[in-house]
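**Student:** Contents of query03.cif (mmCIF, C-alpha atoms and all ligand atoms) are below:
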data_model
#
loop_
_atom_site.label_atom_id
_atom_site.label_comp_id
_atom_site.auth_asym_id
_atom_site.auth_seq_id
_atom_site.Cartn_x
_atom_site.Cartn_y
_atom_site.Cartn_z
CA MET A 1132 0.00 0.00 0.00
CA THR A 1133 1.35 3.40 -0.86
CA THR A 1134 1.32 5.95 1.90
CA THR A 1135 0.46 9.60 1.60
CA ARG A 1136 2.76 11.92 3.45
CA PHE A 1137 1.05 14.77 5.30
CA LEU A 1138 3.10 17.62 6.68
CA THR A 1139 2.10 20.75 8.52
CA GLY A 1140 3.74 23.42 10.64
CA ILE A 1141 2.45 25.31 13.66
CA THR A 1142 3.99 28.69 14.37
CA PRO A 1143 4.73 29.03 18.10
CA SER A 1144 3.84 32.64 18.77
CA GLY A 1145 0.99 32.34 21.24
CA THR A 1146 -1.05 30.11 23.55
CA PRO A 1147 -3.30 27.50 21.89
CA HIS A 1148 -7.02 28.24 22.15
CA LEU A 1149 -10.21 26.30 21.50
CA GLY A 1150 -10.25 27.52 17.89
CA ASN A 1151 -6.81 25.97 17.29
CA PHE A 1152 -7.97 22.77 18.92
CA VAL A 1153 -11.14 22.37 16.87
CA GLY A 1154 -9.69 23.72 13.62
CA SER A 1155 -6.29 22.12 13.62
CA ILE A 1156 -5.08 20.01 16.58
CA ARG A 1157 -8.06 17.67 16.85
CA PRO A 1158 -8.44 16.90 13.12
CA ALA A 1159 -4.68 16.55 12.65
CA VAL A 1160 -4.30 14.11 15.54
CA ALA A 1161 -7.27 12.11 14.21
CA ALA A 1162 -5.84 12.11 10.68
CA SER A 1163 -2.46 10.88 11.91
CA ARG A 1164 -4.16 7.69 13.10
CA SER A 1165 -5.60 6.79 9.68
CA ALA A 1166 -4.13 3.90 7.73
CA GLY A 1167 -1.97 4.74 4.74
CA VAL A 1168 -0.94 8.06 6.19
CA GLU A 1169 2.47 9.20 7.32
CA SER A 1170 2.42 12.46 9.29
CA PHE A 1171 5.05 15.11 9.87
CA TYR A 1172 4.01 17.83 12.30
CA PHE A 1173 6.46 20.44 13.40
CA LEU A 1174 6.86 23.61 15.41
CA ALA A 1175 7.77 26.33 12.95
CA ASP A 1176 9.94 28.31 15.32
CA TYR A 1177 12.02 29.97 12.59
CA HIS A 1178 8.71 31.28 11.26
CA ALA A 1179 7.83 32.61 14.70
CA LEU A 1180 10.81 34.98 14.54
CA ILE A 1181 9.17 36.77 11.62
CA LYS A 1182 6.32 38.06 13.71
CA CYS A 1183 7.56 37.76 17.26
CA GLN A 1184 10.80 39.19 18.54
CA GLU A 1185 10.25 38.43 22.19
CA PRO A 1186 12.56 35.50 23.01
CA GLU A 1187 10.68 34.46 26.16
CA ARG A 1188 7.42 34.37 24.28
CA VAL A 1189 8.79 32.20 21.46
CA HIS A 1190 10.32 29.85 24.00
CA ARG A 1191 7.22 29.64 26.17
CA SER A 1192 4.91 29.21 23.21
CA THR A 1193 7.06 26.39 21.82
CA LEU A 1194 6.60 24.51 25.09
CA GLU A 1195 2.87 25.27 25.31
CA ILE A 1196 2.14 24.21 21.78
CA ALA A 1197 4.23 21.04 21.91
CA ALA A 1198 2.62 20.11 25.25
CA SER A 1199 -0.85 20.82 23.82
CA TRP A 1200 -0.37 18.52 20.83
CA LEU A 1201 1.04 15.76 23.00
CA ALA A 1202 -1.74 16.19 25.57
CA ALA A 1203 -4.33 16.07 22.78
CA GLY A 1204 -3.18 12.58 21.92
CA LEU A 1205 -0.50 13.01 19.30
CA ASP A 1206 1.55 9.84 19.36
CA PRO A 1207 5.21 10.59 18.63
CA GLN A 1208 5.69 6.95 17.63
CA GLN A 1209 3.22 7.44 14.81
CA VAL A 1210 3.96 11.04 13.90
CA THR A 1211 7.34 12.59 13.23
CA PHE A 1212 6.94 15.50 15.63
CA TYR A 1213 9.84 17.93 15.66
CA ARG A 1214 11.02 21.49 15.99
CA GLN A 1215 12.06 23.22 12.78
CA SER A 1216 15.20 24.74 14.29
CA ASP A 1217 16.47 21.27 15.24
CA VAL A 1218 16.80 20.44 11.55
CA PRO A 1219 19.57 22.67 10.11
CA GLU A 1220 19.04 21.12 6.68
CA ILE A 1221 15.84 23.19 6.40
CA PRO A 1222 17.52 26.63 6.36
CA GLU A 1223 20.16 25.15 4.07
CA LEU A 1224 17.50 24.06 1.60
CA HIS A 1225 15.91 27.47 2.00
CA TRP A 1226 18.98 28.97 0.36
CA LEU A 1227 19.00 26.55 -2.57
CA LEU A 1228 15.35 27.39 -3.19
CA THR A 1229 15.98 31.11 -2.81
CA CYS A 1230 18.31 30.86 -5.77
CA VAL A 1231 15.68 29.34 -8.07
CA THR A 1232 12.85 31.63 -6.97
CA GLY A 1233 11.98 34.73 -8.95
CA LYS A 1234 11.81 37.85 -6.84
CA GLY A 1235 8.68 38.69 -8.80
CA LEU A 1236 7.00 35.55 -7.46
CA LEU A 1237 7.61 36.70 -3.89
CA ASN A 1238 6.40 40.22 -4.70
CA ARG A 1239 2.99 38.69 -5.25
CA ALA A 1240 2.75 36.89 -1.88
CA HIS A 1241 -0.39 37.92 0.02
CA ALA A 1242 1.36 38.52 3.35
CA TYR A 1243 3.91 40.83 1.79
CA LYS A 1244 1.33 42.62 -0.33
CA ALA A 1245 -0.89 43.12 2.72
CA ALA A 1246 2.00 44.75 4.59
CA GLN A 1247 2.61 47.05 1.64
CA ASP A 1248 -1.07 47.91 1.28
CA LYS A 1249 -1.18 48.87 4.94
CA ASN A 1250 1.79 51.18 4.43
CA THR A 1251 0.19 52.76 1.38
CA GLU A 1252 -3.02 53.38 3.30
CA SER A 1253 -1.24 55.02 6.19
CA GLY A 1254 0.99 57.08 3.90
CA HIS A 1255 4.21 55.33 4.89
CA ASP A 1256 7.09 54.21 2.75
CA LEU A 1257 6.06 51.03 0.87
CA ASP A 1258 8.47 48.72 2.68
CA ASP A 1259 8.27 50.41 6.05
CA GLY A 1260 8.66 47.83 8.83
CA VAL A 1261 8.78 44.96 6.32
CA THR A 1262 11.67 42.63 7.12
CA ALA A 1263 13.36 40.49 4.51
CA GLY A 1264 12.15 37.60 6.70
CA LEU A 1265 8.53 38.43 5.91
CA PHE A 1266 9.41 38.71 2.24
CA MET A 1267 11.19 35.33 2.24
CA TYR A 1268 8.53 33.57 4.31
CA PRO A 1269 7.12 31.56 1.37
CA VAL A 1270 10.59 30.18 0.58
CA LEU A 1271 11.13 29.00 4.14
CA MET A 1272 7.74 27.37 4.06
CA ALA A 1273 8.59 25.67 0.77
CA ALA A 1274 11.81 24.35 2.32
CA ASP A 1275 9.78 22.88 5.22
CA ILE A 1276 7.53 21.05 2.80
CA LEU A 1277 9.98 19.99 0.09
CA MET A 1278 12.60 18.78 2.58
CA PHE A 1279 10.34 15.83 3.34
CA ASN A 1280 8.68 15.49 -0.05
CA ALA A 1281 5.23 15.88 1.44
CA HIS A 1282 2.27 15.07 -0.79
CA LYS A 1283 -0.41 16.86 1.19
CA VAL A 1284 -0.18 19.96 3.34
CA PRO A 1285 -3.17 20.58 5.63
CA VAL A 1286 -3.50 24.35 5.96
CA GLY A 1287 -6.08 27.09 6.23
CA ARG A 1288 -7.31 28.82 3.11
CA ASP A 1289 -5.03 31.77 3.75
CA GLN A 1290 -2.05 29.47 3.12
CA ILE A 1291 -3.09 28.04 -0.27
CA GLN A 1292 -0.98 30.54 -2.16
CA HIS A 1293 2.11 29.44 -0.24
CA ILE A 1294 1.61 25.83 -1.24
CA GLU A 1295 1.14 26.92 -4.84
CA MET A 1296 4.44 28.81 -4.57
CA ALA A 1297 6.17 25.76 -3.08
CA ARG A 1298 5.03 23.82 -6.14
CA ASP A 1299 6.49 26.49 -8.40
CA MET A 1300 9.81 26.36 -6.58
CA ALA A 1301 9.88 22.56 -6.70
CA ALA A 1302 9.14 22.61 -10.42
CA SER A 1303 11.87 25.20 -11.12
CA PHE A 1304 14.40 23.21 -9.13
CA ASN A 1305 13.44 19.91 -10.76
CA HIS A 1306 13.64 21.52 -14.15
CA LEU A 1307 17.15 22.79 -13.57
CA TYR A 1308 18.65 19.95 -11.58
CA GLY A 1309 16.55 16.83 -12.19
CA GLU A 1310 13.54 15.29 -10.47
CA HIS A 1311 14.27 15.68 -6.78
CA PHE A 1312 11.07 17.10 -5.33
CA THR A 1313 7.50 15.91 -5.08
CA LEU A 1314 5.02 18.65 -6.00
CA PRO A 1315 2.93 19.23 -2.86
CA GLU A 1316 -0.79 19.96 -2.70
CA ALA A 1317 -2.80 21.89 -0.14
CA ALA A 1318 -5.30 19.80 1.83
CA ILE A 1319 -8.17 21.98 2.94
CA GLU A 1320 -10.49 20.55 5.58
CA ASP A 1321 -13.87 21.87 4.58
CA ASN A 1322 -15.92 20.41 7.37
CA VAL A 1323 -14.02 21.66 10.37
CA ALA A 1324 -15.52 24.75 11.89
CA THR A 1325 -13.79 28.08 12.28
CA LEU A 1326 -14.88 28.93 15.80
CA LEU A 1327 -16.25 32.29 16.79
CA GLY A 1328 -14.70 34.02 19.78
CA LEU A 1329 -16.08 35.67 22.90
CA ASP A 1330 -17.21 38.74 20.94
CA GLY A 1331 -18.77 36.80 18.05
CA ARG A 1332 -15.95 37.50 15.59
CA LYS A 1333 -13.65 34.73 14.41
CA MET A 1334 -11.72 33.33 17.40
CA SER A 1335 -8.23 34.70 16.95
CA LYS A 1336 -5.49 35.94 19.16
CA SER A 1337 -5.30 39.12 17.09
CA TYR A 1338 -8.85 39.96 18.26
CA ASP A 1339 -8.07 39.03 21.85
CA ASN A 1340 -11.32 37.09 22.03
CA THR A 1341 -10.04 33.56 22.61
CA ILE A 1342 -10.67 30.85 25.17
CA PRO A 1343 -7.33 29.20 25.98
CA LEU A 1344 -7.46 25.45 25.38
CA PHE A 1345 -6.07 24.65 28.80
CA ALA A 1346 -7.62 27.33 30.93
CA THR A 1347 -8.36 26.10 34.46
CA ARG A 1348 -11.93 24.98 35.17
CA GLU A 1349 -12.61 28.27 36.92
CA GLN A 1350 -11.22 30.36 34.07
CA LEU A 1351 -13.11 28.30 31.53
CA LYS A 1352 -16.38 28.85 33.39
CA LYS A 1353 -15.75 32.54 33.67
CA LEU A 1354 -14.80 32.95 30.00
CA ILE A 1355 -17.82 31.01 28.81
CA GLY A 1356 -19.97 33.22 31.03
CA GLY A 1357 -18.59 36.18 29.10
CA ILE A 1358 -19.54 34.97 25.60
CA LEU A 1359 -21.55 37.66 23.87
CA THR A 1360 -25.26 36.84 23.50
CA ASP A 1361 -28.25 38.94 22.56
CA SER A 1362 -30.68 40.27 25.13
CA ARG A 1363 -33.47 37.72 24.65
CA ALA A 1364 -34.98 36.71 27.96
CA PRO A 1365 -35.52 33.14 29.18
CA GLY A 1366 -38.52 31.68 27.37
CA GLU A 1367 -37.95 33.71 24.22
CA PRO A 1368 -36.90 31.63 21.18
CA LYS A 1369 -33.25 32.14 20.21
CA GLU A 1370 -31.30 32.00 16.98
CA VAL A 1371 -28.54 29.42 16.45
CA GLU A 1372 -27.41 31.26 13.34
CA GLY A 1373 -24.40 33.41 14.24
CA SER A 1374 -24.46 32.27 17.87
CA ALA A 1375 -20.89 31.75 19.07
CA LEU A 1376 -22.31 29.80 21.99
CA PHE A 1377 -24.20 27.35 19.81
CA GLN A 1378 -21.34 26.92 17.42
CA LEU A 1379 -18.94 26.08 20.25
CA TYR A 1380 -21.41 23.59 21.64
CA GLN A 1381 -21.78 21.98 18.26
CA ALA A 1382 -18.00 21.64 17.92
CA PHE A 1383 -17.86 19.56 21.10
CA ALA A 1384 -21.18 17.71 21.09
CA THR A 1385 -22.48 14.64 19.27
CA PRO A 1386 -24.81 15.46 16.37
CA GLU A 1387 -27.76 14.28 18.51
CA ASP A 1388 -26.86 16.58 21.37
CA ALA A 1389 -26.31 19.48 18.99
CA ALA A 1390 -29.78 18.85 17.56
CA ALA A 1391 -31.21 18.84 21.10
CA MET A 1392 -29.52 22.18 21.79
CA ARG A 1393 -30.96 23.56 18.57
CA ARG A 1394 -34.44 22.61 19.83
CA ALA A 1395 -33.68 24.11 23.24
CA TYR A 1396 -32.78 27.39 21.50
CA ALA A 1397 -36.09 27.37 19.64
CA GLU A 1398 -37.91 26.64 22.89
CA GLY A 1399 -36.27 29.60 24.61
CA ILE A 1400 -33.55 28.10 26.83
CA ALA A 1401 -32.07 30.77 29.14
CA TRP A 1402 -28.61 31.95 28.11
CA SER A 1403 -27.30 31.12 31.57
CA GLU A 1404 -28.48 27.54 31.23
CA ALA A 1405 -27.02 27.15 27.72
CA LYS A 1406 -23.72 28.48 29.02
CA GLN A 1407 -23.71 25.99 31.87
CA MET A 1408 -24.32 23.14 29.41
CA LEU A 1409 -21.53 24.37 27.18
CA PHE A 1410 -19.15 24.62 30.10
CA GLU A 1411 -19.86 21.06 31.21
CA ARG A 1412 -19.51 19.73 27.71
CA ILE A 1413 -16.14 21.34 27.01
CA ASP A 1414 -14.81 20.64 30.46
CA ARG A 1415 -15.66 16.97 30.11
CA GLU A 1416 -13.64 16.68 26.90
CA ILE A 1417 -10.73 18.81 28.12
CA THR A 1418 -10.28 17.48 31.67
CA PRO A 1419 -8.24 14.34 30.86
CA MET A 1420 -6.11 16.28 28.40
CA ARG A 1421 -5.64 19.09 30.89
CA ALA A 1422 -4.13 16.67 33.39
CA ARG A 1423 -1.59 15.51 30.80
CA TYR A 1424 -0.92 19.10 29.76
CA ASP A 1425 -0.29 20.27 33.32
CA ASP A 1426 2.11 17.39 33.84
CA LEU A 1427 4.06 18.22 30.67
CA MET A 1428 4.21 21.90 31.55
CA ALA A 1429 5.60 20.97 34.95
CA HIS A 1430 8.21 18.72 33.28
CA PRO A 1431 9.43 20.48 30.14
CA GLU A 1432 12.25 17.93 29.89
CA LYS A 1433 9.64 15.31 28.91
CA VAL A 1434 8.55 17.49 26.01
CA GLU A 1435 12.14 18.16 25.04
CA ALA A 1436 12.88 14.43 24.98
CA GLN A 1437 9.98 13.81 22.60
CA LEU A 1438 11.10 16.62 20.31
CA GLN A 1439 14.63 15.23 20.24
CA ILE A 1440 13.34 11.84 19.14
CA GLY A 1441 11.39 13.62 16.41
CA ALA A 1442 14.42 15.64 15.35
CA GLU A 1443 16.47 12.49 15.03
CA ARG A 1444 13.86 10.88 12.82
CA ALA A 1445 13.50 14.01 10.71
CA ARG A 1446 17.24 14.38 10.27
CA ALA A 1447 17.64 10.74 9.31
CA LEU A 1448 15.70 11.74 6.18
CA ALA A 1449 16.86 15.33 5.77
CA GLN A 1450 20.62 14.73 6.01
CA PRO A 1451 21.03 12.25 3.14
CA PHE A 1452 18.49 14.12 1.03
CA MET A 1453 20.34 17.40 1.54
CA GLN A 1454 23.57 15.65 0.59
CA ARG A 1455 21.98 14.59 -2.67
CA LEU A 1456 20.66 18.11 -3.33
CA ARG A 1457 24.04 19.68 -2.64
CA ALA A 1458 25.62 17.34 -5.15
CA ALA A 1459 22.88 18.08 -7.67
CA VAL A 1460 23.56 21.81 -7.65
CA GLY A 1461 27.34 21.33 -7.86
CA LEU A 1462 28.37 21.64 -4.23
CA ARG A 1463 30.54 18.54 -4.15
CA SER A 1464 33.82 17.40 -2.70
CA LEU A 1465 36.74 18.22 -4.96
CA SER A 1466 38.45 14.94 -4.29
CA ALA A 1467 35.58 12.94 -5.72
CA ALA A 1468 35.85 12.15 -9.42
CA ALA A 1469 34.29 14.71 -11.73
CA PRO A 1470 31.06 13.52 -13.36
CA ALA A 1471 31.65 12.28 -16.91
CA GLN A 1472 29.19 14.76 -18.35
CA ALA A 1473 26.95 17.43 -17.05
CA SER A 1474 23.38 16.19 -16.81
CA PRO A 1475 21.58 16.87 -20.09
CA LYS A 1476 18.74 18.49 -18.20
CA ALA A 1477 20.89 21.16 -16.64
CA ALA A 1478 22.70 21.75 -19.90
CA LYS A 1479 19.54 22.62 -21.75
CA THR A 1480 18.52 26.21 -21.46
CA ALA A 1481 15.86 26.56 -18.84
CA LEU A 1482 12.41 26.48 -20.41
CA PRO A 1483 9.18 28.02 -19.22
CA THR A 1484 6.48 25.63 -18.01
CA PHE A 1485 2.72 25.50 -18.24
CA LYS A 1486 0.86 24.78 -15.03
CA GLN A 1487 -2.74 23.73 -14.81
CA TYR A 1488 -4.62 23.96 -11.55
CA ARG A 1489 -7.98 24.35 -9.94
CA GLU A 1490 -8.93 27.30 -7.77
CA THR A 1491 -11.30 27.47 -4.85
CA ASP A 1492 -13.94 28.96 -7.16
CA GLY A 1493 -14.09 25.49 -8.74
CA LYS A 1494 -12.77 26.71 -12.09
CA PHE A 1495 -9.75 25.47 -14.00
CA TYR A 1496 -6.83 27.75 -14.76
CA PHE A 1497 -3.46 27.63 -16.36
CA LYS A 1498 -0.41 29.81 -16.30
CA LEU A 1499 2.94 29.95 -18.02
CA VAL A 1500 5.85 30.43 -15.68
CA ALA A 1501 9.38 31.27 -16.79
CA ALA A 1502 12.22 29.12 -15.42
CA ASP A 1503 13.13 31.95 -13.07
CA GLY A 1504 9.62 31.95 -11.65
CA ARG A 1505 8.27 35.00 -13.46
CA LEU A 1506 4.66 34.77 -14.49
CA LEU A 1507 4.31 35.06 -18.29
CA LEU A 1508 0.68 34.13 -18.87
CA GLN A 1509 -2.31 33.83 -16.61
CA SER A 1510 -5.61 32.46 -17.83
CA THR A 1511 -9.10 33.31 -16.71
CA GLY A 1512 -11.17 30.45 -15.23
CA PHE A 1513 -12.41 27.63 -17.48
CA ASP A 1514 -15.41 25.52 -16.54
CA ALA A 1515 -13.80 22.26 -17.65
CA PRO A 1516 -10.20 21.06 -17.34
CA ARG A 1517 -10.37 19.97 -20.98
CA ASP A 1518 -10.88 23.55 -22.14
CA ALA A 1519 -7.86 24.75 -20.21
CA GLY A 1520 -5.86 21.81 -21.61
CA GLN A 1521 -6.89 22.65 -25.17
CA ALA A 1522 -5.84 26.26 -24.81
CA ILE A 1523 -2.44 25.11 -23.55
CA ALA A 1524 -2.09 22.69 -26.46
CA LEU A 1525 -2.82 25.48 -28.94
CA LEU A 1526 -0.24 27.76 -27.36
CA GLN A 1527 2.36 24.99 -27.26
CA LYS A 1528 1.92 24.32 -30.93
CA ASP A 1529 1.87 27.84 -32.18
CA ALA A 1530 2.73 31.12 -30.49
CA GLY A 1531 0.36 32.75 -32.98
CA ALA A 1532 -2.55 31.34 -30.94
CA LEU A 1533 -1.89 34.09 -28.39
CA GLN A 1534 -3.92 36.50 -30.45
CA ALA A 1535 -6.92 34.20 -30.71
CA LEU A 1536 -6.87 33.42 -27.00
CA GLN A 1537 -6.61 37.03 -25.83
CA ALA A 1538 -10.04 36.93 -24.17
CA GLN A 1539 -9.00 33.97 -21.97
CA LEU A 1540 -5.89 35.71 -20.70
CA VAL A 1541 -5.45 38.18 -17.89
CA PRO A 1542 -3.28 41.18 -18.83
CA LEU A 1543 -0.06 41.11 -16.79
CA GLU A 1544 1.82 44.20 -15.82
CA GLY A 1545 5.41 44.35 -17.08
CA VAL A 1546 5.07 41.38 -19.45
CA ASP A 1547 4.97 42.16 -23.16
CA THR A 1548 3.79 40.01 -26.05
CA GLU A 1549 7.28 39.69 -27.47
CA GLN A 1550 8.59 38.05 -24.31
CA VAL A 1551 5.72 35.62 -24.22
CA THR A 1552 6.03 34.83 -27.91
CA ALA A 1553 9.75 34.12 -27.47
CA ALA A 1554 9.03 31.83 -24.53
CA LEU A 1555 6.39 29.93 -26.50
CA GLN A 1556 8.69 29.60 -29.48
CA ALA A 1557 11.44 28.19 -27.26
CA LEU A 1558 8.96 25.63 -25.95
CA ALA A 1559 7.84 24.65 -29.43
CA ALA A 1560 11.44 24.35 -30.60
CA ALA A 1561 12.35 22.12 -27.65
CA ALA A 1562 9.34 19.91 -28.34
CA SER A 1563 10.33 19.36 -31.95
CA THR A 1564 13.94 18.31 -31.23
N1 LIG B 1601 2.93 29.50 7.79
C1 LIG B 1601 2.08 28.53 8.44
C2 LIG B 1601 1.00 29.29 9.22
O1 LIG B 1601 1.20 30.42 9.59
C3 LIG B 1601 2.88 27.65 9.35
C4 LIG B 1601 3.86 26.86 8.56
C5 LIG B 1601 5.20 27.04 8.48
C6 LIG B 1601 3.55 25.75 7.72
N2 LIG B 1601 5.77 26.12 7.65
C7 LIG B 1601 4.79 25.33 7.18
C8 LIG B 1601 2.36 25.09 7.39
C9 LIG B 1601 4.83 24.25 6.27
C10 LIG B 1601 2.41 24.04 6.51
C11 LIG B 1601 3.65 23.62 5.94
O2 LIG B 1601 -0.04 28.71 9.48
#
Is it possible to give me this structure as structure tokens?
Ligand code: TRP
**Tutor:**
Amino acid sequence: MTTTRFLTGITPSGTPHLGNFVGSIRPAVAASRSAGVESFYFLADYHALIKCQEPERVHRSTLEIAASWLAAGLDPQQVTFYRQSDVPEIPELHWLLTCVTGKGLLNRAHAYKAAQDKNTESGHDLDDGVTAGLFMYPVLMAADILMFNAHKVPVGRDQIQHIEMARDMAASFNHLYGEHFTLPEAAIEDNVATLLGLDGRKMSKSYDNTIPLFATREQLKKLIGGILTDSRAPGEPKEVEGSALFQLYQAFATPEDAAAMRRAYAEGIAWSEAKQMLFERIDREITPMRARYDDLMAHPEKVEAQLQIGAERARALAQPFMQRLRAAVGLRSLSAAAPAQASPKAAKTALPTFKQYRETDGKFYFKLVAADGRLLLQSTGFDAPRDAGQAIALLQKDAGALQALQAQLVPLEGVDTEQVTAALQALAAAAST
């Protein structure tokens, strides 16, 4: 049986809350127990440095998050569970990828663009407060993923672009140096809830509206008591739609119990009573985990020992793979015999590549990407993959098709027709030799 390798990173820059548990920890731990799955979960502490420059906070959060995942049932025998900074091959790979990544590709990253937009809005210099770390973030993330040749990367929707970029980097590298990397895909869990926080907005530490996963019983009770509700009195029917309280209950209850709560809402349950039921429900699920969590927090050396086992397993793969990649790019011992001939792949001039993919709008797209990562063509959405494929075939055969396909292409700033025509001609020429 072939196994699918899942890999995901958790940035340690805060304290895990119920939203993290329901949206990420719980489904990931469950998924790691499925047959045919190999899981790599890691603490992305190099990533944490991008947004958090408080050493104590990074350190504390690393412990809290590792302890949370272990307390929630992650089995380090089954999952390779490690800390990014324990695997020095990752930053090394980051550099190799940096050198095959177009700067233009990174200019388009959402996180970087958002920082620039904010500066524009507030009348600041475009790159004010933007570190090169934020700019390079997608490359570090690609190194995390490609280092272990992950097939599937479970992430939130906001991270899809980064996975797409990791694919681009993998393809550029493979094209230049031979087939070394698996092209990863994002795995989006559609049926896990994004929890609402105390104030009814999305539960997020940036809104300061979270319920910590391992709050004490007393804190938990108090926080639940503070969840925003409307002013309907006991006996008045209540809406489940948009109710943070109901949604939390649903995330922890069986479908039958959630249905019963839905009826209780319609029948006018008092908010205080609903809150008490929610508290009991969450507390019942969390209590056994909380005991394990408290024990791990009191004995950080136990957590460290688990992470060291994970690091050893991760490095057993990363070290030889990195050796192979170093050799592939020409970083080799001088005393070893020179290769008889340069690999034909690398000798060929680097060609642009067509990429076909599906977006979250359900439509099919293609793009043409130069070997250095620059975007040369971007299609509009096609309803069927066949249509996108046919357009590609036309363009591959004859650069003249550009004209006819104008309506299916998005105009790109800084790319002129001559460049694209030349790229298409190079592709056609390579295909006919
Ligand atoms: N950037 C991710 C986030 O903020 C965390 C992360 C780092 C990650 N490296 C990764 C996720 C590799 C998946 C794969 O959520």
**Student:** Would you mind listing the residues within 7 Å of ligand LIG 1601 (chain B), counting only C-alpha atoms and all ligand atoms, as a list in words?
**Tutor:**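 The neighbouring residues of ligand LIG 1601 (chain B) are, in order, Leu1138, Thr1139, Gly1140, Ile1141, Thr1142, Ala1175, His1178, Met1272, Ala1273, Asp1275, Ile1276, Val1284, Pro1285, Val1286 and Gln1290 of chain A.
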**Student:** Pick the closest to Phe1304 in chain A from A:Leu1499, A:Ala1422, A:Leu1354, A:Leu1228: which is it, counting all atoms listed in the file?
**Tutor:** A:Leu1228
**Student:** Using all atoms listed in the file, determine which residues lie at most 10 Å from Gln1487 in chain A, disregarding the query and same-chain residues fewer than 4 positions distant; provide the list as JSON, numbers by chain.
**Tutor:** {"A": [1495, 1496, 1497, 1498, 1499, 1510, 1516, 1519, 1520, 1523]}
**Student:** For Glu1316 in chain A, which residue out of A:Thr1211, A:Ser1144, A:Gln1509, A:Thr1135 is the nearest one, using only C-alpha atoms?
**Tutor:**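 Once distances to Glu1316 in chain A are computed over only C-alpha atoms, the minimum belongs to A:Thr1135.
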**Student:** List the spatial neighbours of range 1149-1155 of chain A as a PDB file with C-alpha atoms, keeping the file's coordinate frame - criterion: any atom at most 8 Å away, only C-alpha atoms, same-chain residues fewer than 5 positions off excluded.
**Tutor:**
ATOM      1  CA  VAL A1323     -14.020  21.660  10.370  1.00  0.00           C
ATOM      2  CA  ALA A1324     -15.520  24.750  11.890  1.00  0.00           C
ATOM      3  CA  THR A1325     -13.790  28.080  12.280  1.00  0.00           C
ATOM      4  CA  LEU A1326     -14.880  28.930  15.800  1.00  0.00           C
ATOM      5  CA  LEU A1327     -16.250  32.290  16.790  1.00  0.00           C
ATOM      6  CA  MET A1334     -11.720  33.330  17.400  1.00  0.00           C
ATOM      7  CA  SER A1335      -8.230  34.700  16.950  1.00  0.00           C
ATOM      8  CA  THR A1341     -10.040  33.560  22.610  1.00  0.00           C
ATOM      9  CA  ILE A1342     -10.670  30.850  25.170  1.00  0.00           C
ATOM     10  CA  PRO A1343      -7.330  29.200  25.980  1.00  0.00           C
ATOM     11  CA  LEU A1344      -7.460  25.450  25.380  1.00  0.00           C
ATOM     12  CA  ALA A1382     -18.000  21.640  17.920  1.00  0.00           C
TER      13      ALA A1382
END
**Student:** Could you please give me, as a CSV table (one decimal) with C-alpha atoms, keeping the file's coordinate frame, the residues of protein, DNA or RNA lying at most 8 Å from (8.7, 32.1, 22.2) in the coordinate frame of the file, considering all atoms listed in the file?
**Tutor:**
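Written file, selection26.csv:
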chain,number,residue,atom,x,y,z
A,1143,PRO,CA,4.7,29.0,18.1
A,1144,SER,CA,3.8,32.6,18.8
A,1145,GLY,CA,1.0,32.3,21.2
A,1176,ASP,CA,9.9,28.3,15.3
A,1179,ALA,CA,7.8,32.6,14.7
A,1183,CYS,CA,7.6,37.8,17.3
A,1185,GLU,CA,10.2,38.4,22.2
A,1186,PRO,CA,12.6,35.5,23.0
A,1187,GLU,CA,10.7,34.5,26.2
A,1188,ARG,CA,7.4,34.4,24.3
A,1189,VAL,CA,8.8,32.2,21.5
A,1190,HIS,CA,10.3,29.8,24.0
A,1191,ARG,CA,7.2,29.6,26.2
A,1192,SER,CA,4.9,29.2,23.2
A,1193,THR,CA,7.1,26.4,21.8
**Student:** How many Å lie between CA of Asp1518 in chain A and CA of Asp1289 in chain A, rounded to one decimal?
**Tutor:**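 Distance reported for this atom pair: 27.8 Å.
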**Student:** Counting all atoms listed in the file, figure out which residue out of A:Met1408, A:Leu1508, A:Ala1559, A:Leu1205 gets nearest to Leu1536 in chain A.
**Tutor:** A:Leu1508
**Student:** Using CA of His1311 in chain A and CA of Ile1294 in chain A as the two end points, give the distance in Å to one decimal.
**Tutor:**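 Taking CA of His1311 in chain A and CA of Ile1294 in chain A, their separation equals 17.1 Å.
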**Student:** Could you tell me how far CA of Gln1381 in chain A sits from CA of Arg1363 in chain A, in Å to one decimal place?
**Tutor:**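 Taking CA of Arg1363 in chain A and CA of Gln1381 in chain A, their separation equals 20.6 Å.
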**Student:** For a quick check of understanding, using only C-alpha atoms, which of A:Glu1195, A:Arg1136, A:Gly1356, A:Val1371 has the smallest distance to Glu1404 in chain A?
**Tutor:** A:Gly1356
**Student:** Taking into account only C-alpha atoms, which residue in the set A:Ala1405, A:Met1420, A:Asp1425, A:Glu1320 is nearest to Ala1391 in chain A?
**Tutor:**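 Counting only C-alpha atoms, the residue closest to Ala1391 in chain A is A:Ala1405.
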**Student:** Name the closest residue to Lys1182 in chain A among the candidates A:Thr1134, A:Gln1378, A:Gln1247, A:Thr1262; distances are taken between atoms, counting all atoms listed in the file.
**Tutor:**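 Under the stated criterion, the closest residue is A:Thr1262.
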**Student:** Show which residues sit within 12 Å of Leu1427 in chain A, as JSON, numbers by chain. Count all atoms listed in the file, and ignore same-chain residues fewer than 5 positions away.
**Tutor:** {"A": [1194, 1195, 1196, 1197, 1198, 1199, 1200, 1201, 1202, 1203, 1420, 1421, 1422, 1432, 1433, 1434, 1435, 1436, 1437]}
